[in-house]
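Listing of structure-v3.cif; format and content: mmCIF, C-alpha atoms.
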data_model
#
loop_
_atom_site.label_atom_id
_atom_site.label_comp_id
_atom_site.auth_asym_id
_atom_site.auth_seq_id
_atom_site.Cartn_x
_atom_site.Cartn_y
_atom_site.Cartn_z
CA MET A 31 -146.64 41.93 -120.76
CA GLN A 32 -146.11 41.58 -124.53
CA PHE A 33 -146.19 38.22 -126.30
CA GLU A 34 -146.36 37.01 -129.89
CA THR A 35 -149.41 34.71 -129.67
CA ILE A 36 -151.32 35.74 -126.56
CA LEU A 37 -152.54 38.96 -125.01
CA ILE A 38 -152.50 39.54 -121.25
CA GLY A 39 -154.38 42.41 -119.69
CA SER A 40 -155.92 43.14 -116.33
CA GLU A 41 -158.85 44.99 -114.87
CA GLY A 42 -158.49 45.40 -111.14
CA PRO A 43 -157.65 42.02 -109.59
CA VAL A 44 -158.68 40.01 -112.70
CA ALA A 45 -156.16 39.18 -115.43
CA THR A 46 -157.30 37.93 -118.84
CA ILE A 47 -155.19 35.78 -121.14
CA THR A 48 -156.50 35.94 -124.70
CA MET A 49 -155.35 33.22 -127.09
CA ASN A 50 -154.59 35.53 -129.99
CA ARG A 51 -154.34 33.52 -133.22
CA PRO A 52 -157.88 33.94 -134.58
CA GLU A 53 -156.71 33.29 -138.16
CA ALA A 54 -155.66 29.80 -137.00
CA LEU A 55 -158.64 29.33 -134.66
CA ASN A 56 -156.19 30.00 -131.80
CA ALA A 57 -154.40 26.70 -132.42
CA LEU A 58 -151.66 25.64 -130.01
CA SER A 59 -148.18 25.99 -131.49
CA ALA A 60 -144.77 25.72 -129.87
CA GLN A 61 -144.72 29.52 -129.58
CA VAL A 62 -148.14 29.52 -127.89
CA PHE A 63 -146.90 27.09 -125.26
CA GLN A 64 -143.80 29.22 -124.70
CA ASP A 65 -145.84 32.41 -124.39
CA LEU A 66 -148.30 30.77 -122.02
CA ALA A 67 -145.51 29.41 -119.84
CA ASP A 68 -143.86 32.82 -119.59
CA GLY A 69 -147.13 34.68 -119.01
CA LEU A 70 -148.35 32.28 -116.35
CA ARG A 71 -145.00 32.52 -114.56
CA GLU A 72 -145.37 36.29 -114.31
CA LEU A 73 -148.99 36.11 -113.14
CA ALA A 74 -148.17 33.53 -110.46
CA THR A 75 -146.04 36.05 -108.59
CA ASP A 76 -148.28 39.09 -109.08
CA ARG A 77 -150.04 39.71 -105.75
CA THR A 78 -152.40 42.23 -107.34
CA ILE A 79 -153.98 39.49 -109.50
CA ARG A 80 -156.51 37.29 -107.73
CA VAL A 81 -158.27 35.58 -110.66
CA VAL A 82 -157.12 34.63 -114.17
CA VAL A 83 -159.45 34.21 -117.16
CA ILE A 84 -158.44 32.39 -120.35
CA ARG A 85 -160.42 33.11 -123.52
CA GLY A 86 -160.02 32.91 -127.29
CA ALA A 87 -159.80 35.79 -129.75
CA GLY A 88 -162.33 36.04 -132.57
CA ASP A 89 -165.81 34.61 -132.72
CA ARG A 90 -165.08 31.08 -133.97
CA ALA A 91 -162.97 29.33 -131.35
CA PHE A 92 -161.67 29.18 -127.82
CA VAL A 93 -158.85 26.95 -129.06
CA ALA A 94 -159.49 24.55 -131.94
CA GLY A 95 -156.65 22.21 -130.99
CA ALA A 96 -152.99 21.80 -131.84
CA ASP A 97 -151.41 23.52 -134.81
CA ILE A 98 -151.58 20.57 -137.22
CA LYS A 99 -149.55 22.33 -139.91
CA GLU A 100 -146.69 22.75 -137.46
CA MET A 101 -147.00 19.16 -136.22
CA ALA A 102 -147.01 17.80 -139.79
CA ASP A 103 -143.65 19.47 -140.43
CA ARG A 104 -142.04 18.25 -137.21
CA ASP A 105 -139.36 15.59 -137.10
CA GLU A 106 -140.66 12.28 -135.78
CA THR A 107 -138.06 12.31 -133.02
CA THR A 108 -139.62 15.32 -131.24
CA PRO A 109 -143.09 14.19 -130.01
CA GLU A 110 -141.89 13.43 -126.48
CA GLU A 111 -140.45 16.93 -126.15
CA ARG A 112 -143.70 18.52 -127.36
CA ASN A 113 -145.76 16.38 -125.01
CA TRP A 114 -143.72 17.32 -121.95
CA THR A 115 -143.75 21.00 -122.93
CA GLY A 116 -147.55 21.01 -123.15
CA MET A 117 -147.97 19.04 -119.93
CA ARG A 118 -145.81 21.48 -118.02
CA VAL A 119 -148.01 24.38 -119.19
CA TYR A 120 -151.20 22.60 -118.15
CA ASP A 121 -149.55 21.84 -114.81
CA GLN A 122 -148.75 25.55 -114.44
CA ILE A 123 -152.43 26.35 -114.91
CA ARG A 124 -153.61 23.78 -112.39
CA HIS A 125 -151.00 24.87 -109.84
CA LEU A 126 -151.35 28.61 -110.37
CA PRO A 127 -152.08 30.18 -106.95
CA GLN A 128 -155.02 32.08 -108.42
CA PRO A 129 -158.21 30.38 -109.61
CA VAL A 130 -158.34 30.10 -113.41
CA ILE A 131 -161.54 30.41 -115.43
CA ALA A 132 -161.83 29.08 -118.99
CA SER A 133 -164.39 31.21 -120.85
CA VAL A 134 -165.26 29.02 -123.83
CA HIS A 135 -166.98 29.92 -127.07
CA GLY A 136 -166.88 28.20 -130.45
CA TYR A 137 -164.54 25.26 -130.87
CA ALA A 138 -162.70 23.72 -127.90
CA LEU A 139 -161.17 20.69 -129.55
CA GLY A 140 -158.18 18.50 -128.75
CA GLY A 141 -155.66 20.60 -126.88
CA GLY A 142 -158.28 23.32 -126.61
CA MET A 143 -160.57 21.08 -124.59
CA LEU A 144 -157.57 19.99 -122.54
CA LEU A 145 -156.62 23.62 -121.90
CA ALA A 146 -160.13 24.24 -120.59
CA MET A 147 -160.02 21.11 -118.42
CA ALA A 148 -156.76 22.29 -116.85
CA CYS A 149 -158.61 25.37 -115.55
CA ASP A 150 -160.48 25.42 -112.25
CA ILE A 151 -163.79 26.72 -113.63
CA ARG A 152 -165.06 26.14 -117.16
CA ILE A 153 -167.83 28.42 -118.41
CA ALA A 154 -169.15 27.68 -121.89
CA ALA A 155 -171.54 29.33 -124.27
CA ASP A 156 -174.36 26.98 -125.24
CA THR A 157 -173.11 27.21 -128.83
CA ALA A 158 -169.62 25.86 -128.03
CA THR A 159 -168.35 22.57 -129.45
CA PHE A 160 -166.05 20.09 -127.71
CA GLY A 161 -164.19 16.94 -128.66
CA TYR A 162 -160.93 15.00 -128.93
CA PRO A 163 -160.64 14.41 -132.71
CA GLU A 164 -156.97 13.35 -132.69
CA ILE A 165 -157.75 9.70 -133.51
CA LYS A 166 -158.79 10.87 -136.99
CA LEU A 167 -155.21 12.09 -137.57
CA GLY A 168 -153.54 8.82 -136.71
CA ILE A 169 -152.61 9.90 -133.20
CA PHE A 170 -154.45 10.30 -129.89
CA PRO A 171 -154.69 13.10 -127.29
CA GLY A 172 -151.23 13.74 -125.87
CA THR A 173 -149.79 16.26 -123.41
CA GLY A 174 -151.60 14.43 -120.59
CA GLY A 175 -154.95 14.62 -122.37
CA THR A 176 -155.98 11.00 -121.80
CA VAL A 177 -155.01 11.14 -118.12
CA LEU A 178 -156.77 14.39 -117.25
CA ILE A 179 -160.08 13.55 -118.93
CA ASP A 180 -160.08 10.14 -117.25
CA ARG A 181 -159.57 11.75 -113.82
CA LEU A 182 -162.14 14.44 -114.53
CA ILE A 183 -165.12 12.47 -115.87
CA GLY A 184 -164.27 8.78 -115.35
CA PRO A 185 -162.78 6.10 -117.59
CA GLY A 186 -165.90 4.88 -119.41
CA THR A 187 -166.97 8.11 -121.06
CA ALA A 188 -163.37 9.28 -121.40
CA ARG A 189 -162.57 6.22 -123.51
CA ALA A 190 -165.57 6.82 -125.75
CA ILE A 191 -164.62 10.46 -126.33
CA CYS A 192 -161.02 9.55 -127.17
CA LEU A 193 -161.80 6.52 -129.35
CA THR A 194 -164.67 7.95 -131.43
CA GLY A 195 -163.13 11.37 -132.01
CA GLU A 196 -166.60 12.84 -132.33
CA HIS A 197 -167.51 16.44 -131.62
CA PHE A 198 -170.23 17.06 -129.05
CA PRO A 199 -172.20 20.14 -127.98
CA ALA A 200 -171.71 22.24 -124.88
CA GLU A 201 -174.85 20.79 -123.29
CA ARG A 202 -173.30 17.31 -123.40
CA ALA A 203 -170.01 18.69 -122.03
CA TYR A 204 -171.97 20.22 -119.16
CA GLN A 205 -173.72 16.93 -118.43
CA LEU A 206 -170.36 15.15 -118.28
CA GLY A 207 -168.74 17.73 -116.00
CA ILE A 208 -166.26 18.95 -118.61
CA VAL A 209 -168.14 22.25 -118.42
CA THR A 210 -169.06 23.59 -114.96
CA HIS A 211 -171.26 26.53 -116.03
CA LEU A 212 -173.39 26.65 -119.19
CA VAL A 213 -174.87 29.95 -120.37
CA PRO A 214 -176.45 31.46 -123.49
CA ALA A 215 -173.74 32.78 -125.80
CA ALA A 216 -174.81 36.38 -125.22
CA GLU A 217 -174.24 35.97 -121.46
CA LEU A 218 -170.78 34.36 -121.56
CA GLY A 219 -168.85 37.57 -120.85
CA ALA A 220 -171.16 38.67 -118.06
CA GLU A 221 -171.13 35.29 -116.30
CA THR A 222 -167.35 35.09 -116.61
CA ALA A 223 -167.03 38.54 -115.04
CA ARG A 224 -169.48 37.64 -112.26
CA LEU A 225 -167.57 34.54 -111.21
CA ALA A 226 -164.22 36.30 -111.49
CA GLU A 227 -165.45 39.11 -109.25
CA LEU A 228 -166.87 36.61 -106.76
CA MET A 229 -163.61 34.68 -106.39
CA ALA A 230 -161.48 37.84 -106.42
CA GLY A 231 -163.17 38.76 -103.14
CA TYR A 232 -161.99 35.63 -101.34
CA SER A 233 -158.78 35.21 -99.37
CA PRO A 234 -155.82 34.58 -101.71
CA VAL A 235 -154.33 32.38 -99.00
CA ALA A 236 -157.45 30.23 -98.73
CA VAL A 237 -157.80 29.96 -102.51
CA ARG A 238 -154.16 28.99 -102.95
CA GLU A 239 -154.26 26.36 -100.23
CA LEU A 240 -157.60 25.02 -101.43
CA LYS A 241 -156.09 24.52 -104.87
CA ASN A 242 -153.14 22.74 -103.25
CA ALA A 243 -155.53 20.35 -101.49
CA LEU A 244 -157.63 19.75 -104.61
CA ASN A 245 -154.54 19.08 -106.72
CA ALA A 246 -153.27 16.65 -104.09
CA SER A 247 -156.57 14.78 -104.26
CA MET A 248 -156.15 14.36 -108.02
CA GLU A 249 -152.44 13.57 -108.03
CA MET A 250 -151.78 11.55 -104.86
CA ASP A 251 -153.06 8.41 -103.21
CA PHE A 252 -155.75 8.64 -100.50
CA GLU A 253 -153.57 8.90 -97.42
CA ALA A 254 -151.05 11.28 -98.98
CA ALA A 255 -153.86 13.52 -100.24
CA ARG A 256 -155.42 13.70 -96.79
CA ALA A 257 -152.07 14.61 -95.26
CA ALA A 258 -151.63 17.33 -97.89
CA GLU A 259 -155.10 18.66 -97.09
CA VAL A 260 -154.33 18.82 -93.37
CA ALA A 261 -151.11 20.76 -94.06
CA ALA A 262 -152.86 23.17 -96.45
CA HIS A 263 -155.69 23.78 -93.99
CA ALA A 264 -153.16 24.48 -91.22
CA ARG A 265 -151.42 27.08 -93.39
CA CYS A 266 -154.78 28.79 -93.89
CA PHE A 267 -155.53 28.77 -90.19
CA VAL A 268 -152.38 30.63 -89.20
CA SER A 269 -152.90 33.35 -91.83
CA ASN A 270 -154.00 36.92 -91.16
CA ASP A 271 -156.73 36.38 -93.72
CA ARG A 272 -158.28 33.67 -91.55
CA ILE A 273 -158.30 36.05 -88.57
CA GLU A 274 -159.82 38.82 -90.69
CA GLY A 275 -162.44 36.51 -92.23
CA MET A 276 -163.67 35.21 -88.89
CA ARG A 277 -163.65 38.65 -87.26
CA ALA A 278 -165.63 40.04 -90.18
CA PHE A 279 -168.18 37.25 -89.82
CA VAL A 280 -168.61 37.91 -86.10
CA GLU A 281 -168.80 41.68 -86.67
CA LYS A 282 -171.26 41.25 -89.55
CA ARG A 283 -169.20 43.10 -92.12
CA SER A 284 -167.39 42.31 -95.36
CA ALA A 285 -163.91 40.89 -94.94
CA ASN A 286 -160.89 42.78 -96.26
CA PHE A 287 -158.55 40.01 -97.34
CA THR A 288 -154.94 41.00 -98.07
CA GLY A 289 -153.36 37.66 -98.94
CA ASP A 290 -151.29 37.48 -95.76
#

Would you write out, as structure tokens, the structure that this file holds?
Amino acid sequence: MQFETILIGSEGPVATITMNRPEALNALSAQVFQDLADGLRELATDRTIRVVVIRGAGDRAFVAGADIKEMADRDETTPEERNWTGMRVYDQIRHLPQPVIASVHGYALGGGMLLAMACDIRIAADTATFGYPEIKLGIFPGTGGTVLIDRLIGPGTARAICLTGEHFPAERAYQLGIVTHLVPAAELGAETARLAELMAGYSPVAVRELKNALNASMEMDFEAARAAEVAAHARCFVSNDRIEGMRAFVEKRSANFTGD
């Protein structure tokens, strides 16, 4: 898969998306969103891929936010279009059948922090920096950024992060739950690979349906989410992977999950 602003490669069952604009700190442009949408669409249907990792090129940033130069040149009648385009990409990530790991180093600001939050697992180097600085530009976090951070960490702290626009270190992001795994910078690659390998060994059916249930919990009301969970669990239970997983447990061997 060849794209203008991202690189996609795979090693065994793990695909890696590299945000490849290091000269712009991997900032999110219209072309980046288009490339991500197209790349994610291809990965979603690739049965050989069981885990997806998103990382940033260069040593300075995961993604330092939106491409402000591009936004400054945009006509004032287009912000709704850009917002919906970005939201659809973040939705693709959350609803991808494979688990998605954000491997974060350097700056993860604005849309970069939102990109990480759209992923299922967020591993950060202890030297990474987070924040929603948009208020300093006369705007505020768009593309669903205020909604997702509120759902993820709660309204009180979410408001403070949005309204102050301050940067904060990875340790604080870990305390808030924005980051799920915090490691020394030198160990970021190894820990990312460890978790990717771990999840690649699970049933693709179970992972997909678990993500369906977790997304329902975030997006639906209580009763609807419970009904969605019941349906997702039932789909797991009738799969060949469920039969294989339980037989392997009884027979004291490793399961060979096929995704069926």

Specify as a PDB file with C-alpha atoms, in the coordinates of the input each residue included when the PyMOL selection byres ((chain A and resi 113-119) around 6) is applied to this file.
ATOM      1  CA  ALA A  67    -145.510  29.410-119.840  1.00  0.00           C
ATOM      2  CA  GLU A 110    -141.890  13.430-126.480  1.00  0.00           C
ATOM      3  CA  GLU A 111    -140.450  16.930-126.150  1.00  0.00           C
ATOM      4  CA  ARG A 112    -143.700  18.520-127.360  1.00  0.00           C
ATOM      5  CA  TYR A 120    -151.200  22.600-118.150  1.00  0.00           C
ATOM      6  CA  ASP A 121    -149.550  21.840-114.810  1.00  0.00           C
ATOM      7  CA  GLN A 122    -148.750  25.550-114.440  1.00  0.00           C
ATOM      8  CA  THR A 173    -149.790  16.260-123.410  1.00  0.00           C
ATOM      9  CA  GLY A 174    -151.600  14.430-120.590  1.00  0.00           C
TER      10      GLY A 174
END

One decimal place gives the CA of Glu227 (chain A)-CA of Glu41 (chain A) separation as 10.5 Å

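When only C-alpha atoms are used to compute distances to Gly141 (chain A), the closest of the residues A:Ser284, A:Ser269, A:Ser247, A:Asn56 turns out to be A:Asn56.
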
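Note that the spacing between CA of Asp150 (chain A) and CA of Met248 (chain A) amounts to 12.6 Å.
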
Looking at A:Ile151, A:Ile169, A:Ala94, A:Ala45, which one is nearest to Tyr137 (chain A), with distances taken over all atoms listed in the file?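 Closest to Tyr137 (chain A) of all the choices is A:Ala94.
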
Selected region 56-182 of chain A, written as a PDB file, in the first residue's frame, C-alpha atoms:
ATOM      1  CA  ASN A  56       3.500  14.630  11.360  1.00  0.00           C
ATOM      2  CA  ALA A  57       0.739  17.248  11.408  1.00  0.00           C
ATOM      3  CA  LEU A  58      -2.734  16.238  10.239  1.00  0.00           C
ATOM      4  CA  SER A  59      -3.612  17.658   6.828  1.00  0.00           C
ATOM      5  CA  ALA A  60      -6.516  16.917   4.515  1.00  0.00           C
ATOM      6  CA  GLN A  61      -4.260  14.510   2.617  1.00  0.00           C
ATOM      7  CA  VAL A  62      -3.305  12.718   5.848  1.00  0.00           C
ATOM      8  CA  PHE A  63      -6.956  12.145   6.667  1.00  0.00           C
ATOM      9  CA  GLN A  64      -7.585  10.842   3.146  1.00  0.00           C
ATOM     10  CA  ASP A  65      -4.592   8.509   3.297  1.00  0.00           C
ATOM     11  CA  LEU A  66      -5.578   7.236   6.729  1.00  0.00           C
ATOM     12  CA  ALA A  67      -9.153   6.600   5.615  1.00  0.00           C
ATOM     13  CA  ASP A  68      -7.994   4.629   2.576  1.00  0.00           C
ATOM     14  CA  GLY A  69      -5.331   2.693   4.490  1.00  0.00           C
ATOM     15  CA  LEU A  70      -7.641   1.771   7.338  1.00  0.00           C
ATOM     16  CA  ARG A  71     -10.275   0.599   4.865  1.00  0.00           C
ATOM     17  CA  GLU A  72      -7.785  -1.814   3.321  1.00  0.00           C
ATOM     18  CA  LEU A  73      -6.561  -3.101   6.690  1.00  0.00           C
ATOM     19  CA  ALA A  74     -10.106  -3.683   7.937  1.00  0.00           C
ATOM     20  CA  THR A  75     -10.658  -6.388   5.341  1.00  0.00           C
ATOM     21  CA  ASP A  76      -7.217  -8.014   5.544  1.00  0.00           C
ATOM     22  CA  ARG A  77      -7.663 -11.279   7.477  1.00  0.00           C
ATOM     23  CA  THR A  78      -3.898 -11.727   7.783  1.00  0.00           C
ATOM     24  CA  ILE A  79      -3.638  -8.601   9.969  1.00  0.00           C
ATOM     25  CA  ARG A  80      -4.619  -9.071  13.595  1.00  0.00           C
ATOM     26  CA  VAL A  81      -3.182  -5.938  15.231  1.00  0.00           C
ATOM     27  CA  VAL A  82      -2.526  -2.408  13.934  1.00  0.00           C
ATOM     28  CA  VAL A  83       0.086  -0.036  15.380  1.00  0.00           C
ATOM     29  CA  ILE A  84       0.088   3.720  14.716  1.00  0.00           C
ATOM     30  CA  ARG A  85       3.339   5.631  15.245  1.00  0.00           C
ATOM     31  CA  GLY A  86       5.022   8.834  14.125  1.00  0.00           C
ATOM     32  CA  ALA A  87       8.078   9.197  11.907  1.00  0.00           C
ATOM     33  CA  GLY A  88      11.135  11.027  13.212  1.00  0.00           C
ATOM     34  CA  ASP A  89      12.192  11.544  16.790  1.00  0.00           C
ATOM     35  CA  ARG A  90      10.207  14.679  17.683  1.00  0.00           C
ATOM     36  CA  ALA A  91       6.523  13.820  17.436  1.00  0.00           C
ATOM     37  CA  PHE A  92       3.811  11.209  17.259  1.00  0.00           C
ATOM     38  CA  VAL A  93       1.510  13.838  15.759  1.00  0.00           C
ATOM     39  CA  ALA A  94       1.872  17.477  16.834  1.00  0.00           C
ATOM     40  CA  GLY A  95      -1.691  18.401  15.882  1.00  0.00           C
ATOM     41  CA  ALA A  96      -3.487  19.770  12.856  1.00  0.00           C
ATOM     42  CA  ASP A  97      -1.649  21.379   9.970  1.00  0.00           C
ATOM     43  CA  ILE A  98      -2.150  24.998  11.038  1.00  0.00           C
ATOM     44  CA  LYS A  99      -0.678  26.408   7.835  1.00  0.00           C
ATOM     45  CA  GLU A 100      -3.282  24.535   5.825  1.00  0.00           C
ATOM     46  CA  MET A 101      -6.086  25.560   8.192  1.00  0.00           C
ATOM     47  CA  ALA A 102      -5.038  29.226   8.045  1.00  0.00           C
ATOM     48  CA  ASP A 103      -5.452  29.190   4.263  1.00  0.00           C
ATOM     49  CA  ARG A 104      -8.841  27.484   4.307  1.00  0.00           C
ATOM     50  CA  ASP A 105     -12.066  29.258   3.456  1.00  0.00           C
ATOM     51  CA  GLU A 106     -14.201  29.939   6.526  1.00  0.00           C
ATOM     52  CA  THR A 107     -17.092  28.006   4.997  1.00  0.00           C
ATOM     53  CA  THR A 108     -15.262  24.647   5.189  1.00  0.00           C
ATOM     54  CA  PRO A 109     -14.760  23.872   8.923  1.00  0.00           C
ATOM     55  CA  GLU A 110     -17.800  21.601   9.146  1.00  0.00           C
ATOM     56  CA  GLU A 111     -16.517  19.496   6.260  1.00  0.00           C
ATOM     57  CA  ARG A 112     -13.079  19.159   7.859  1.00  0.00           C
ATOM     58  CA  ASN A 113     -14.597  18.244  11.208  1.00  0.00           C
ATOM     59  CA  TRP A 114     -16.752  15.477   9.756  1.00  0.00           C
ATOM     60  CA  THR A 115     -13.840  14.147   7.692  1.00  0.00           C
ATOM     61  CA  GLY A 116     -11.652  13.856  10.783  1.00  0.00           C
ATOM     62  CA  MET A 117     -14.421  12.337  12.890  1.00  0.00           C
ATOM     63  CA  ARG A 118     -15.058   9.649  10.309  1.00  0.00           C
ATOM     64  CA  VAL A 119     -11.367   8.665  10.388  1.00  0.00           C
ATOM     65  CA  TYR A 120     -11.331   8.454  14.185  1.00  0.00           C
ATOM     66  CA  ASP A 121     -14.522   6.395  13.986  1.00  0.00           C
ATOM     67  CA  GLN A 122     -12.775   4.054  11.529  1.00  0.00           C
ATOM     68  CA  ILE A 123     -10.001   3.521  14.065  1.00  0.00           C
ATOM     69  CA  ARG A 124     -12.364   2.820  16.943  1.00  0.00           C
ATOM     70  CA  HIS A 125     -14.459   0.449  14.822  1.00  0.00           C
ATOM     71  CA  LEU A 126     -11.585  -1.320  13.091  1.00  0.00           C
ATOM     72  CA  PRO A 127     -12.026  -5.072  13.709  1.00  0.00           C
ATOM     73  CA  GLN A 128      -8.413  -5.336  14.840  1.00  0.00           C
ATOM     74  CA  PRO A 129      -7.114  -3.786  18.068  1.00  0.00           C
ATOM     75  CA  VAL A 130      -5.181  -0.569  17.418  1.00  0.00           C
ATOM     76  CA  ILE A 131      -2.146   0.498  19.448  1.00  0.00           C
ATOM     77  CA  ALA A 132      -0.921   4.105  19.523  1.00  0.00           C
ATOM     78  CA  SER A 133       2.838   4.077  20.129  1.00  0.00           C
ATOM     79  CA  VAL A 134       3.513   7.641  21.255  1.00  0.00           C
ATOM     80  CA  HIS A 135       6.776   9.534  21.474  1.00  0.00           C
ATOM     81  CA  GLY A 136       7.440  13.263  21.459  1.00  0.00           C
ATOM     82  CA  TYR A 137       4.503  15.583  20.905  1.00  0.00           C
ATOM     83  CA  ALA A 138       0.915  14.294  20.864  1.00  0.00           C
ATOM     84  CA  LEU A 139      -0.981  17.562  20.738  1.00  0.00           C
ATOM     85  CA  GLY A 140      -4.448  18.537  19.562  1.00  0.00           C
ATOM     86  CA  GLY A 141      -5.481  16.125  16.839  1.00  0.00           C
ATOM     87  CA  GLY A 142      -2.451  14.015  17.701  1.00  0.00           C
ATOM     88  CA  MET A 143      -3.724  13.395  21.209  1.00  0.00           C
ATOM     89  CA  LEU A 144      -7.173  12.736  19.756  1.00  0.00           C
ATOM     90  CA  LEU A 145      -5.701  10.243  17.280  1.00  0.00           C
ATOM     91  CA  ALA A 146      -4.097   8.398  20.183  1.00  0.00           C
ATOM     92  CA  MET A 147      -7.333   8.454  22.187  1.00  0.00           C
ATOM     93  CA  ALA A 148      -9.201   6.899  19.255  1.00  0.00           C
ATOM     94  CA  CYS A 149      -6.921   3.856  19.538  1.00  0.00           C
ATOM     95  CA  ASP A 150      -7.641   0.933  21.844  1.00  0.00           C
ATOM     96  CA  ILE A 151      -4.256   0.893  23.605  1.00  0.00           C
ATOM     97  CA  ARG A 152      -2.034   3.929  24.123  1.00  0.00           C
ATOM     98  CA  ILE A 153       1.605   3.288  24.973  1.00  0.00           C
ATOM     99  CA  ALA A 154       3.730   6.367  25.618  1.00  0.00           C
ATOM    100  CA  ALA A 155       7.372   7.051  26.205  1.00  0.00           C
ATOM    101  CA  ASP A 156       7.926   8.845  29.504  1.00  0.00           C
ATOM    102  CA  THR A 157       9.329  11.772  27.512  1.00  0.00           C
ATOM    103  CA  ALA A 158       6.127  12.322  25.486  1.00  0.00           C
ATOM    104  CA  THR A 159       4.091  15.519  25.770  1.00  0.00           C
ATOM    105  CA  PHE A 160       0.307  15.818  25.527  1.00  0.00           C
ATOM    106  CA  GLY A 161      -2.223  18.633  25.353  1.00  0.00           C
ATOM    107  CA  TYR A 162      -5.103  20.359  23.574  1.00  0.00           C
ATOM    108  CA  PRO A 163      -3.597  23.785  22.740  1.00  0.00           C
ATOM    109  CA  GLU A 164      -6.290  24.831  20.230  1.00  0.00           C
ATOM    110  CA  ILE A 165      -7.767  27.502  22.534  1.00  0.00           C
ATOM    111  CA  LYS A 166      -4.574  29.514  21.983  1.00  0.00           C
ATOM    112  CA  LEU A 167      -5.426  29.714  18.266  1.00  0.00           C
ATOM    113  CA  GLY A 168      -8.905  31.112  18.737  1.00  0.00           C
ATOM    114  CA  ILE A 169     -10.610  27.758  18.244  1.00  0.00           C
ATOM    115  CA  PHE A 170     -11.134  24.627  20.347  1.00  0.00           C
ATOM    116  CA  PRO A 171     -10.605  20.886  19.746  1.00  0.00           C
ATOM    117  CA  GLY A 172     -12.845  19.796  16.885  1.00  0.00           C
ATOM    118  CA  THR A 173     -13.337  16.529  14.989  1.00  0.00           C
ATOM    119  CA  GLY A 174     -15.047  15.079  18.076  1.00  0.00           C
ATOM    120  CA  GLY A 175     -12.142  15.999  20.346  1.00  0.00           C
ATOM    121  CA  THR A 176     -14.212  17.491  23.161  1.00  0.00           C
ATOM    122  CA  VAL A 177     -16.627  14.559  23.159  1.00  0.00           C
ATOM    123  CA  LEU A 178     -14.053  11.771  23.180  1.00  0.00           C
ATOM    124  CA  ILE A 179     -11.884  13.209  25.948  1.00  0.00           C
ATOM    125  CA  ASP A 180     -14.979  13.813  28.078  1.00  0.00           C
ATOM    126  CA  ARG A 181     -16.077  10.177  27.640  1.00  0.00           C
ATOM    127  CA  LEU A 182     -12.563   8.883  28.239  1.00  0.00           C
TER     128      LEU A 182
END
